[in-house]
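One structure is given here, and the rest of the page talks about it.
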Number of protein chains: 2
Amino acid sequence: MSYYDDMIQMSGELRNIERSLSLLAWDERTYMPEGALRGRAEMKGILSKMHQKILTSSKMEKCINELNKSKFLDKLDTVQRAAVREMTRNFERNHNIPDELIERIVKAASEGQAVWTKARKASDFSMFIDALETNVELRKEAAEYIGYENEPYDALLDDYEPGLTAVRVNSIFKPMKKKLAVLVDDISSKEQPDDPFNGKTFDIEVQKRICSRIAEDIGFDFNHGRLDDSVHPFTVGMDYDVRITNRYNESDLSSIFSLLHESGHGMYEQSIDQNLFGTPVGKALSMSYHESQSRMWENFVGRSRNFMDYLYPLIIDEFPKLGEMDPDVLYRTVNRVQPSYIRVEADEITYNLHIALRFDIELALFRDEITPAETEAVWQDKMEEYLGLRPDDPAQGVLQDIHWSSGAFGYFPSYALGNLYAAQIFDSILTDIPSLYEDISKGKFSKLGTWLKENIHQHGKIHLPEEMTKKLTGETLDFKYYHEYVKDKYSDIYQF
Amino acid sequence: MSYYDDMIQMSGELRNIERSLSLLAWDERTYMPEGALRGRAEMKGILSKMHQKILTSSKMEKCINELNKSKFLDKLDTVQRAAVREMTRNFERNHNIPDELIERIVKAASEGQAVWTKARKASDFSMFIDALETNVELRKEAAEYIGYENEPYDALLDDYEPGLTAVRVNSIFKPMKKKLAVLVDDISSKEQPDDPFNGKTFDIEVQKRICSRIAEDIGFDFNHGRLDDSVHPFTVGMDYDVRITNRYNESDLSSIFSLLHESGHGMYEQSIDQNLFGTPVGKALSMSYHESQSRMWENFVGRSRNFMDYLYPLIIDEFPKLGEMDPDVLYRTVNRVQPSYIRVEADEITYNLHIALRFDIELALFRDEITPAETEAVWQDKMEEYLGLRPDDPAQGVLQDIHWSSGAFGYFPSYALGNLYAAQIFDSILTDIPSLYEDISKGKFSKLGTWLKENIHQHGKIHLPEEMTKKLTGETLDFKYYHEYVKDKYSDIYQF
């Protein structure tokens with residue numbers, strides 16, 4: 001079966017180039033000296049070029065064409081057929097895009113980020129309009145080469161979540177927006193709990209010690225991973241080597257939740273079956289599924305009342321000055337709901353509204369319903385509509401996220417879908433592991449880790465997201481689980 | 001001139017793959033988690049394969065064949081001609097070697113290192129004999145494909161120092177061995193100075209602070225570089241990004257000298273003309289020249305009496321308990337000469353005898369005058385002959401260095417040649433910069449840095465080593481400079 005072997009061999013080459021690019025990216029954001037940026041761009045450029053060359057080679061085309069014929073396909077087992085499906089998908093998404101367009105996209109992304117950094121610093125959206133326009137136009141152009149059924153934006157969504165469409169996202173987000181707005185209203189009439197962290201400082205070395213301990217306790221494998229510092233927390237997966245990063249503020253303990261978030265990503269990467277490494281299915285299912293794992297550990301586990309029983313002694317031991325708190329106070333403190341300008345600082349309820357706003361704008365841009373120049377005003381209007389806040393400072397509004405500056409349109413929905421997936425899957429897990437919350441109180445996380453590994457992680461990309469969701473929960477993605485979860489939780493906390 | 005442009009483009013691709021491999025190597029020895037080794041080997045394998053593919057491609061062959069015709073060559077300037085010469089050399093050293101031999105070499109190197117680690121730990125040379133034999137045989141085989149004029153070993157020497165031959169090394173090492181032995185004898189009859197470091201401990205964080213300060217003072221550019229920890233100090237150059245590492249013992253201040261050594265390597269890499277980056281001449285001249293720079297900073301500068309005037313206040317400030325010393329005592333302490341078993345701990349005089357011993361054995365192996373199994377006995381005999389010591393423990397003898405386990409034969413001579421080059425070049429520098437030693441006392445190193453940059457570093461590989469030596473010193477490499485240097489220095493210290 002030499003076509004299949006050839007495809008797997010090329011897949012291994014591609015994966016090893018990806019691993020190298022991942023190490024470059026990790027290094028760039030952790031240890032790289034500033035003056036190295038120019039050489040780094042060249043390195044990434046050459047490796048990406050070699051990747052594209054192998055992926056779109058005539059040898060690859062031949063393998064894929066042959067393997068998709070039933071005389072070959074019928075002889076393959078489930079995993080092999082999934083491998084052919086994924087490689088075909090990769091090939092088809094990429095082989096039509098002209099090299100010169102890729103070069104323009106890479107250049108616009110790099111320039112866009114530089115312009116965005118300046119515009120954000122100057123709090124001046126007008127400085128960013130041209131770069132935004134260029135990036136939108138280039139992605140529209142790319143969408144034509146990638147192909148789509150209904151509309152160009154779908155070609156971009158599909159990159160992060162195979163098969164996802166704007167229509168589908170809208171059908172989920174519309175009721176979500178309405179129902180979350182009701183909850184925001186319910187809570188806004190209630191009194192906010194005191195913030196016992198207010199005015200205190202927390203030694204960063206001690207925070208790091210606590211975070212390492214938690215990562216170890218929940219199952220992050222330091223023999224195949226690392227935890228480092230970076231300005232924005234992130235995870236890179238290189239199969240046998242998975243690296244997470246975290247940041248620390250002296251004024252709060254938010255580092256614990258970003259640690260849980262990145263560990264969730266990291267443990268997903270670490271639990272993929274090693275036999276799949278290097279094959280087209282040796283990766284996580286989709287961006288939304290990845291996010292479901294990080295948000296599950298951060299919120300469904302980490303912000304649960306039971307987690308406070310585990311966490312409280314850990315932090316009181318290191319920060320005795322928090323002694324006046326008890327686990328209940330800690331629970332309410334880490335679950336404050338309050339509309340705010342910044343997505344990455346948002347609570348569980350308002351977070352998804354931040355995402356809905358971004359999705360609305362992206363879709364309107366790609367449907368030519370608004371122009372890039374109008375984006376700031378639309379942002380302000382939507383913020384007011386969804387969260388009752390109107391950002392005058394674009395650095396606190398339309399310029400807060402890096403994504404658009406590099407043309408990463410279609411990415412944002414994954415964040416909210418991840419939350420929704422997490423709720424729906426967690427519901428199934430609670431049925432399978434009735435002792436889960438008790439275990440969490442005791443700092444025992446291994447049953448949950450094993451469940452996630454056996455049911456999701458180890459299978460890589462063998463199944464498609466929809467298929468996996470049905471397998472795990474008996475139905476396709478539905479907002480009702482998330483809705484139930486936040487309603488129950490916050491009506492209890494805020495007493496409504 | 002499209003052949004030249006094509007060659008330069010391929011050279012840039014090769015260099016960017018090399019940079020990526022360098023980052024992988026740096027990471028492997030600094031931050032990589034242990035369990036990542038397997039994936040790392042695959043990554044290196046794929047990148048090396050792509051490197052070999054471009055280097056030996058038919059496109060490269062065509063470019064080189066055409067560019068070496070006088071109708072093209074005559075139109076090129078000096079730098080371009082040097083670029084063609086270097087790329088031709090690279091191509092010719094590599095294009096005949098069959099892929100399967102490269103695979104066997106890589107495999108034997110990796111297995112050899114694993115076996116060596118175990119054998120060294122067990123202090124059992126017999127465990128290592130087979131691996132040594134395999135590595136020798138594979139390199140002999142490779143030498144036939146690489147080509148040589150006189151004997152196979154020359155093909156390996158030439159890899160580290162273009163044009164170097166065994167006959168030439170012998171003609172330098174023979175008088176060197178005799179004259180250094182006389183000095184060792186002279187000193188061994190004298191009393192050793194007290195060691196004021198003995199029994200003291202030196203906080204490692206403080207040592208790191210001192211080392212960073214020194215690196216900065218002598219001119220290492222932290223905007224284009226880093227200093228990290230590793231088990232064995234090393235330097236990797238990635239053009240815009242040059243990283244050095246260091247190790248620290250609590251019981252002494254040897255970290256200062258390994259810092260000077262690696263900074264010497266690092267500053268060479270940092271001072272190559274950026275316009276040459278990515279071209280075949282955008283690298284250091286040779287391994288020996290590289291070593292001349294590290295040893296110059298470590299010994300000719302760092303172990304000079306004048307450097308003590310700069311260093312003394314720096315370390316007394318941090319370690320007041322050394323207050324009973326004065327710069328003279330410090331000078332004698334860091335210049336103790338004493339035959340010892342371990343190369344990397346050897347002083348300036350005995351160091352070269354350690355190298356001569358290794359060269360003798362390598363040459364005998366490649367001339368089939370001894371078998372790998374006899375190596376331990378020959379080592380013991382030669383140690384006794386050159387240094388008056390007979391190691392019973394092979395971990396202190398024939399198994400101490402990693403080089404042979406990965407087949408790096410022909411590398412060792414560069415260390416001694418580096419010392420000799422350093423002496424000869426330093427002699428010229430002292431003529432050009434009469435105030436050099438006074439400057440060193442004051443901690444002013446920029447004139448020296450500028451001299452090295454302007455006369456050596458920035459030129460990359462434009463000149464051949466012999467040519468460069470003549471340009472700098474008026475003659476080819478001659479042991480007499482080193483001999484004068486150590487004779488003067490140590491007859492003063494040891495009063496003979």
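Residue numbering restarts at 1 in every chain; chains get A, B, ... in the order shown in the structure tokens, and ligands count up from 1 in that same order.
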Problem set entry | Contact set, chain A to chain B: 7 Å, only C-alpha atoms, as a ChimeraX atom specification | /A:13,16,20,33-36,39,42-43,46,223-226,240-241
For this session: Write out as a VMD selection string each polymer residue whose atoms come within 9 Å of stretch 479-495 of chain A, counting only C-alpha atoms; drop sequence neighbours fewer than 3 positions from it.
Result: chain A and resid 172 to 173 175 to 176 179 to 180 183 186 to 187 190 to 193 304 331 to 332 335 to 337 348 to 349 417 419 to 425 427
For this session: Report the residues of stretch 247-455 of chain B whose backbone DSSP state falls under helix (DSSP H, G or I), written as number ranges by chain.
Result: B: 255-270, 274-276, 287-301, 305-318, 320-322, 327-333, 343-345, 348-366, 372-387, 394-396, 403-406, 412-432, 436-441, 446-455
For this session: Compile the contact shell of A:Thr279 as number ranges by chain: residues with an atom at most 9 Å away, counting only C-alpha atoms, same-chain residues fewer than 6 positions apart removed.
Result: A: 7-12, 15, 83, 87
Problem set entry | d(atom CA of B:Ser405, atom CA of B:Tyr153) in Å | 16.8 Å
For this session: Within stretch 231-377 of chain B, find each residue whose DSSP state, derived from the backbone, is strand (DSSP E), and express the selection as a count of residues only.
Result: 8
All residues 9 Å or closer to A:Gly449, only C-alpha atoms, same chain fewer than 6 positions away omitted, as a short mmCIF file (atom, residue, chain, number, x, y, z; two decimals) with C-alpha atoms, in the first residue's frame:
data_model
loop_
_atom_site.label_atom_id
_atom_site.label_comp_id
_atom_site.auth_asym_id
_atom_site.auth_seq_id
_atom_site.Cartn_x
_atom_site.Cartn_y
_atom_site.Cartn_z
CA ILE A 218 -4.30 18.29 37.86
CA GLY A 219 -2.09 16.11 35.67
CA MET A 267 -3.05 18.18 28.80
#
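The shortest atom-to-atom distance to A:Leu365, with only C-alpha atoms taken into account, belongs to A:Leu132 out of A:Val206, A:Ile54, A:Leu132, A:Ile97.
As for atom CA of B:Glu262 and atom CA of B:Asn246, they are spaced 7.7 Å apart.
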Contacts of A:Phe128 at 7 Å or less, counting only C-alpha atoms, minus same-chain residues fewer than 6 places along, as an mmCIF file with C-alpha atoms, in the first residue's frame?
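File written: selection-v7.cif
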data_model
loop_
_atom_site.group_PDB
_atom_site.id
_atom_site.type_symbol
_atom_site.label_atom_id
_atom_site.label_comp_id
_atom_site.auth_asym_id
_atom_site.auth_seq_id
_atom_site.Cartn_x
_atom_site.Cartn_y
_atom_site.Cartn_z
ATOM 1 C CA VAL A 115 0.693 48.953 12.842
ATOM 2 C CA TRP A 116 -1.781 47.552 15.367
ATOM 3 C CA ALA A 119 -2.341 52.297 16.875
#
Exercise. So how many Å separate atom CA of A:Tyr148 and atom CA of A:Ala166, to one decimal?
Worked result: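 One can read the atom CA of A:Tyr148 to atom CA of A:Ala166 distance as 11.3 Å.
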